[in-house]
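**Q** Here you go, this is my_file.csv (CSV, C-alpha atoms).
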```csv
chain,number,residue,atom,x,y,z
A,1,MET,CA,0.0,0.0,0.0
A,2,ASN,CA,1.5,3.3,-1.0
A,3,VAL,CA,1.6,6.5,1.1
A,4,THR,CA,-1.3,8.1,-0.8
A,5,GLN,CA,-3.6,5.1,-0.1
A,6,ASP,CA,-2.6,5.1,3.5
A,7,LEU,CA,-3.5,8.7,4.0
A,8,SER,CA,-6.8,8.6,2.1
A,9,ILE,CA,-9.8,9.5,4.4
A,10,LEU,CA,-11.6,6.2,4.0
A,11,GLU,CA,-8.5,4.2,4.5
A,12,LEU,CA,-7.6,6.2,7.6
A,13,VAL,CA,-11.1,5.7,9.1
A,14,ARG,CA,-11.0,2.0,8.3
A,15,ASN,CA,-7.6,1.5,10.0
A,16,ALA,CA,-8.5,3.7,13.0
A,17,SER,CA,-8.8,2.2,16.4
A,18,VAL,CA,-12.3,1.2,17.6
A,19,PRO,CA,-12.8,4.1,20.0
A,20,VAL,CA,-11.9,6.6,17.2
A,21,GLN,CA,-14.3,4.8,14.8
A,22,LEU,CA,-17.1,5.1,17.4
A,23,VAL,CA,-16.4,8.8,17.8
A,24,LEU,CA,-16.5,9.3,14.1
A,25,ALA,CA,-19.7,7.4,13.8
A,26,LEU,CA,-21.3,9.4,16.6
A,27,LEU,CA,-20.2,12.7,15.1
A,28,LEU,CA,-21.5,11.8,11.6
A,29,ALA,CA,-24.9,10.7,13.1
A,30,VAL,CA,-25.1,13.9,15.1
A,31,SER,CA,-24.2,16.0,12.0
A,32,PHE,CA,-26.9,14.2,10.0
A,33,MET,CA,-29.5,15.0,12.7
A,34,SER,CA,-28.4,18.6,12.9
A,35,TRP,CA,-28.9,19.1,9.2
A,36,TRP,CA,-32.3,17.4,9.4
A,37,TYR,CA,-33.4,19.7,12.2
A,38,ILE,CA,-31.9,22.8,10.4
A,39,PHE,CA,-34.0,22.2,7.3
A,40,ARG,CA,-37.1,21.3,9.2
A,41,LYS,CA,-36.9,24.4,11.4
A,42,MET,CA,-36.1,26.6,8.5
A,43,PHE,CA,-39.2,25.6,6.6
A,44,ALA,CA,-41.3,25.7,9.8
A,45,ILE,CA,-40.3,29.2,10.7
A,46,ARG,CA,-40.8,30.4,7.2
A,47,ALA,CA,-44.3,29.0,7.2
A,48,GLU,CA,-45.0,30.4,10.6
A,49,ARG,CA,-44.0,33.9,9.6
A,50,SER,CA,-46.0,33.8,6.4
A,51,GLN,CA,-49.2,32.6,8.2
A,52,THR,CA,-48.7,35.2,11.0
A,53,ASP,CA,-48.4,38.0,8.5
A,54,GLN,CA,-51.5,36.8,6.7
A,55,PHE,CA,-53.5,36.6,10.0
A,56,GLU,CA,-52.4,40.1,11.0
A,57,ARG,CA,-53.5,41.5,7.6
A,58,ASP,CA,-56.9,39.8,8.1
A,59,PHE,CA,-57.2,41.0,11.7
A,60,TRP,CA,-56.3,44.6,11.1
A,61,SER,CA,-58.4,44.8,7.9
A,62,GLY,CA,-61.5,45.3,10.1
A,63,SER,CA,-62.8,41.7,10.0
A,64,ASP,CA,-65.4,40.7,12.6
A,65,LEU,CA,-63.7,39.3,15.7
A,66,TYR,CA,-66.4,36.6,16.1
A,67,ALA,CA,-65.8,35.5,12.5
A,68,LEU,CA,-62.1,35.3,13.0
A,69,TYR,CA,-62.6,33.3,16.2
A,70,GLN,CA,-64.9,30.9,14.5
A,71,SER,CA,-62.5,30.5,11.6
A,72,ALA,CA,-59.7,29.8,14.1
A,73,ILE,CA,-61.8,27.1,15.8
A,74,ASN,CA,-62.7,25.4,12.5
A,75,ASP,CA,-59.2,25.4,11.1
A,76,ARG,CA,-57.4,24.7,14.4
A,77,HIS,CA,-54.9,22.2,12.9
A,78,SER,CA,-53.7,24.6,10.2
A,79,THR,CA,-53.6,27.9,12.2
A,80,CYS,CA,-50.5,29.7,13.1
A,81,ALA,CA,-49.3,30.6,16.6
A,82,LEU,CA,-50.7,34.1,16.5
A,83,GLU,CA,-54.1,32.8,15.5
A,84,ARG,CA,-54.1,30.3,18.3
A,85,ILE,CA,-53.2,33.0,20.8
A,86,PHE,CA,-56.1,35.1,19.5
A,87,GLU,CA,-58.4,32.1,19.8
A,88,ALA,CA,-57.3,31.5,23.5
A,89,GLY,CA,-57.7,35.1,24.5
A,90,PHE,CA,-61.0,35.8,22.7
A,91,GLY,CA,-62.5,32.5,23.7
A,92,GLU,CA,-61.8,33.2,27.4
A,93,PHE,CA,-63.1,36.7,27.0
A,94,VAL,CA,-66.4,35.6,25.5
A,95,LYS,CA,-66.8,32.8,28.1
A,96,LEU,CA,-66.3,35.3,31.0
A,97,LYS,CA,-68.5,37.9,29.3
A,98,ASN,CA,-71.4,35.4,29.1
A,99,GLN,CA,-71.2,34.7,32.8
A,100,ARG,CA,-73.2,36.9,35.2
A,101,GLY,CA,-71.5,39.0,37.8
A,102,VAL,CA,-68.1,39.0,36.2
A,103,GLU,CA,-66.5,42.4,36.3
A,104,ALA,CA,-64.9,44.0,33.2
A,105,ALA,CA,-61.5,44.0,34.7
A,106,ALA,CA,-61.8,40.3,35.5
A,107,MET,CA,-62.8,39.5,31.9
A,108,LEU,CA,-59.7,41.4,30.6
A,109,ASP,CA,-57.4,39.8,33.1
A,110,GLY,CA,-58.7,36.3,32.2
A,111,ALA,CA,-58.2,36.9,28.5
A,112,ARG,CA,-54.7,38.2,29.0
A,113,ARG,CA,-53.8,35.2,31.2
A,114,ALA,CA,-55.1,32.9,28.6
A,115,MET,CA,-53.1,34.6,25.8
A,116,ARG,CA,-49.9,34.5,28.0
A,117,ALA,CA,-50.3,30.8,28.7
A,118,SER,CA,-50.9,30.2,25.0
A,119,LEU,CA,-47.8,32.3,24.1
A,120,GLN,CA,-45.6,30.1,26.3
A,121,ARG,CA,-46.9,26.9,24.7
A,122,GLU,CA,-46.4,28.3,21.2
A,123,LEU,CA,-42.8,29.5,22.0
A,124,ASP,CA,-42.0,26.1,23.4
A,125,ALA,CA,-43.2,24.5,20.2
A,126,ILE,CA,-41.3,26.9,18.0
A,127,GLU,CA,-38.1,26.5,20.0
A,128,GLY,CA,-38.3,22.7,19.7
A,129,ASN,CA,-35.0,21.1,18.7
A,130,VAL,CA,-33.1,24.4,18.7
A,131,ALA,CA,-31.5,23.5,22.0
A,132,PHE,CA,-30.2,20.3,20.3
A,133,LEU,CA,-28.3,22.5,17.8
A,134,ALA,CA,-26.8,24.5,20.6
A,135,SER,CA,-25.6,21.3,22.3
A,136,VAL,CA,-24.2,19.9,19.1
A,137,GLY,CA,-22.4,23.2,18.4
A,138,SER,CA,-20.8,23.3,21.9
A,139,VAL,CA,-20.0,19.6,22.5
A,140,SER,CA,-19.0,18.2,19.0
A,141,PRO,CA,-15.5,19.9,18.9
A,142,TYR,CA,-14.7,18.3,22.3
A,143,VAL,CA,-15.9,14.9,21.2
A,144,GLY,CA,-13.8,15.2,18.1
A,145,LEU,CA,-10.8,16.3,20.3
A,146,PHE,CA,-11.3,13.2,22.5
A,147,GLY,CA,-11.1,11.1,19.3
A,148,THR,CA,-7.9,12.9,18.3
A,149,VAL,CA,-6.2,12.5,21.7
A,150,TRP,CA,-7.1,8.8,21.8
A,151,GLY,CA,-5.9,8.3,18.2
A,152,ILE,CA,-2.5,10.0,18.9
A,153,MET,CA,-2.1,8.1,22.1
A,154,HIS,CA,-2.9,4.8,20.2
A,155,ALA,CA,-0.4,5.8,17.4
A,156,PHE,CA,2.4,6.5,19.9
A,157,VAL,CA,1.8,3.3,21.8
A,158,GLY,CA,2.1,1.4,18.6
A,159,LEU,CA,5.4,3.0,17.9
A,160,SER,CA,6.8,2.2,21.3
A,161,SER,CA,8.4,-1.1,20.1
A,162,VAL,CA,10.0,0.5,17.0
A,163,GLN,CA,13.7,1.1,17.1
A,164,GLN,CA,13.8,3.9,14.6
A,165,VAL,CA,10.7,6.0,14.0
A,166,THR,CA,10.2,7.6,10.5
A,167,LEU,CA,7.7,10.1,9.2
A,168,ALA,CA,6.1,7.4,7.1
A,169,GLN,CA,5.3,5.5,10.3
A,170,VAL,CA,4.0,8.5,12.3
A,171,ALA,CA,2.0,10.2,9.6
A,172,PRO,CA,-0.9,7.7,9.2
A,173,GLY,CA,-1.6,7.5,13.0
A,174,ILE,CA,-1.5,11.3,13.4
A,175,ALA,CA,-3.7,11.8,10.3
A,176,GLU,CA,-6.3,9.3,11.4
A,177,ALA,CA,-6.5,11.1,14.8
A,178,LEU,CA,-6.9,14.5,13.2
A,179,VAL,CA,-9.9,13.2,11.1
A,180,ALA,CA,-11.9,13.1,14.4
A,181,THR,CA,-11.2,16.8,15.0
A,182,ALA,CA,-12.2,17.7,11.4
A,183,ILE,CA,-15.5,15.7,11.7
A,184,GLY,CA,-16.2,17.4,15.0
A,185,LEU,CA,-15.9,20.8,13.4
A,186,PHE,CA,-17.9,19.7,10.5
A,187,ALA,CA,-20.7,18.8,12.9
A,188,ALA,CA,-20.4,21.9,15.1
A,189,ILE,CA,-20.1,24.7,12.6
A,190,PRO,CA,-23.5,24.3,10.8
A,191,ALA,CA,-25.2,23.7,14.2
A,192,VAL,CA,-23.8,26.9,15.6
A,193,VAL,CA,-24.8,28.9,12.5
A,194,GLY,CA,-28.3,27.4,12.5
A,195,TYR,CA,-28.8,28.0,16.2
A,196,ASN,CA,-27.8,31.7,16.0
A,197,ARG,CA,-30.1,32.2,13.0
A,198,PHE,CA,-33.1,30.5,14.5
A,199,ALA,CA,-32.5,32.2,17.8
A,200,ARG,CA,-32.8,35.6,16.1
A,201,GLU,CA,-35.9,34.5,14.1
A,202,ILE,CA,-37.6,33.1,17.2
A,203,ASP,CA,-36.9,36.4,19.1
A,204,ARG,CA,-38.6,38.3,16.3
A,205,ILE,CA,-41.6,36.0,16.4
A,206,ALA,CA,-41.8,36.3,20.2
A,207,ILE,CA,-41.8,40.1,20.0
A,208,GLN,CA,-44.5,40.0,17.3
A,209,LEU,CA,-46.7,37.8,19.4
A,210,GLU,CA,-46.2,39.8,22.5
A,211,SER,CA,-47.0,43.0,20.7
A,212,PHE,CA,-50.2,41.5,19.4
A,213,ILE,CA,-51.2,40.5,22.9
A,214,GLU,CA,-50.9,44.1,24.1
A,215,GLU,CA,-52.7,45.5,21.1
A,216,PHE,CA,-55.5,43.0,21.3
A,217,SER,CA,-55.8,43.6,25.0
A,218,ASN,CA,-56.4,47.3,24.3
A,219,ILE,CA,-59.2,46.3,21.9
A,220,LEU,CA,-60.8,44.1,24.5
A,221,GLN,CA,-60.5,47.0,27.0
A,222,ARG,CA,-62.7,49.1,24.8
A,223,ASN,CA,-65.2,46.3,24.4
A,224,THR,CA,-65.5,46.1,28.2
A,225,GLY,CA,-65.9,49.8,28.7
A,226,LEU,CA,-62.6,50.2,30.5
A,227,PRO,CA,-60.3,53.1,29.5
A,228,PRO,CA,-57.8,51.8,27.0
A,229,ALA,CA,-54.1,51.9,27.8
A,230,ALA,CA,-52.0,54.8,26.6
A,231,GLY,CA,-50.9,54.5,23.0
A,232,ALA,CA,-53.7,52.1,22.1
A,233,ALA,CA,-54.0,51.6,18.3
A,234,PRO,CA,-57.4,52.6,16.9
A,235,ARG,CA,-59.6,49.8,15.4
```
Any chance you could put this one into structure tokens?
**A**
Amino acid sequence: MNVTQDLSILELVRNASVPVQLVLALLLAVSFMSWWYIFRKMFAIRAERSQTDQFERDFWSGSDLYALYQSAINDRHSTCALERIFEAGFGEFVKLKNQRGVEAAAMLDGARRAMRASLQRELDAIEGNVAFLASVGSVSPYVGLFGTVWGIMHAFVGLSSVQQVTLAQVAPGIAEALVATAIGLFAAIPAVVGYNRFAREIDRIAIQLESFIEEFSNILQRNTGLPPAAGAAPR
């Protein structure tokens, strides 16, 4: 076997020690999962933003609130997070309004609590698998480094019985060890980039949802006869 064959990536992996091979297999599996979650989250956030913008246009176009609420109930499985928050808040408001003896402040407070609870559920769902990307980005380089250290240690142990060490004897062992570091970085870099991008997108969605809760609360205040908060948008 010539030197080029010895130093090819596949040959290095095939001749690596079992612990290094296990590390490489783990990193490749984690990298595949990271790309899977990256693409899924990218399409999910894109769809979420599109549906949210569409619902906001419908909401602020002057549509009847009861019609929007009924539409949200009928299409519950295809609604966006903002529409489900609206459904939770308006549904609680209508339920309390139909009860006798419930004060206007209590109706508004109940609707706001329902929307806040729905907001937390929606953010938890949107943030799903993003923490996995953060873990991959922070841990993968160290896992690859472990494989590198083990591979170098294994290479030098194998050379302990050799009287005269040459570069041709050392190079394959060092190269196979460094493959683990390269694979670790290959897994970590896309995960870190994906996590940072999704974190910014999720923060923008969270701000948009929280702003809607405040604006919708002002609308409900006017429906209960309470004075609206300062800066309330006209509807």
**Q** For Arg197 of chain A, which residue out of A:Ile152, A:Ile45, A:Ser78, A:Ser118 is the nearest one, using all atoms listed in the file?
**A** A:Ile45
**Q** Determine, counting only C-alpha atoms, which protein, DNA and RNA residues have an atom within 10 Å of an atom of Gly110 of chain A; residues of the same chain fewer than 6 positions away are not included. Present the result as a PyMOL selection string.
**A** chain A and resi 89-90+92-93+95-96+104+116
**Q** For Leu178 of chain A, find every residue with an atom within 8 Å (counting only C-alpha atoms), except residues of its own chain fewer than 4 positions away, and show them as a ChimeraX atom specification.
**A** /A:148,174,182
**Q** What is the distance between atom CA of Leu24 of chain A and atom CA of Ile183 of chain A, in Å to one decimal?
**A** 6.9 Å
**Q** Rounded to one decimal place, report the atom CA of Ile189 of chain A-atom CA of Val139 of chain A distance in Å.
**A**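 Between atom CA of Ile189 of chain A and atom CA of Val139 of chain A the gap works out to 11.1 Å.
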**Q** Using only C-alpha atoms for the distances, tell me which of A:Pro19, A:Gly147, A:Gly101, A:Gly62 is nearest to Ala177 of chain A.
**A**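 Among the listed residues, the smallest separation from Ala177 of chain A belongs to A:Gly147.
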**Q** Let me make sure I understand: among A:Val136, A:Ala191, A:Ala180, A:Ala131, which one has the smallest atom-to-atom distance to Gly151 of chain A if we use only C-alpha atoms?
**A**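 Distance minimum relative to Gly151 of chain A lands on A:Ala180.
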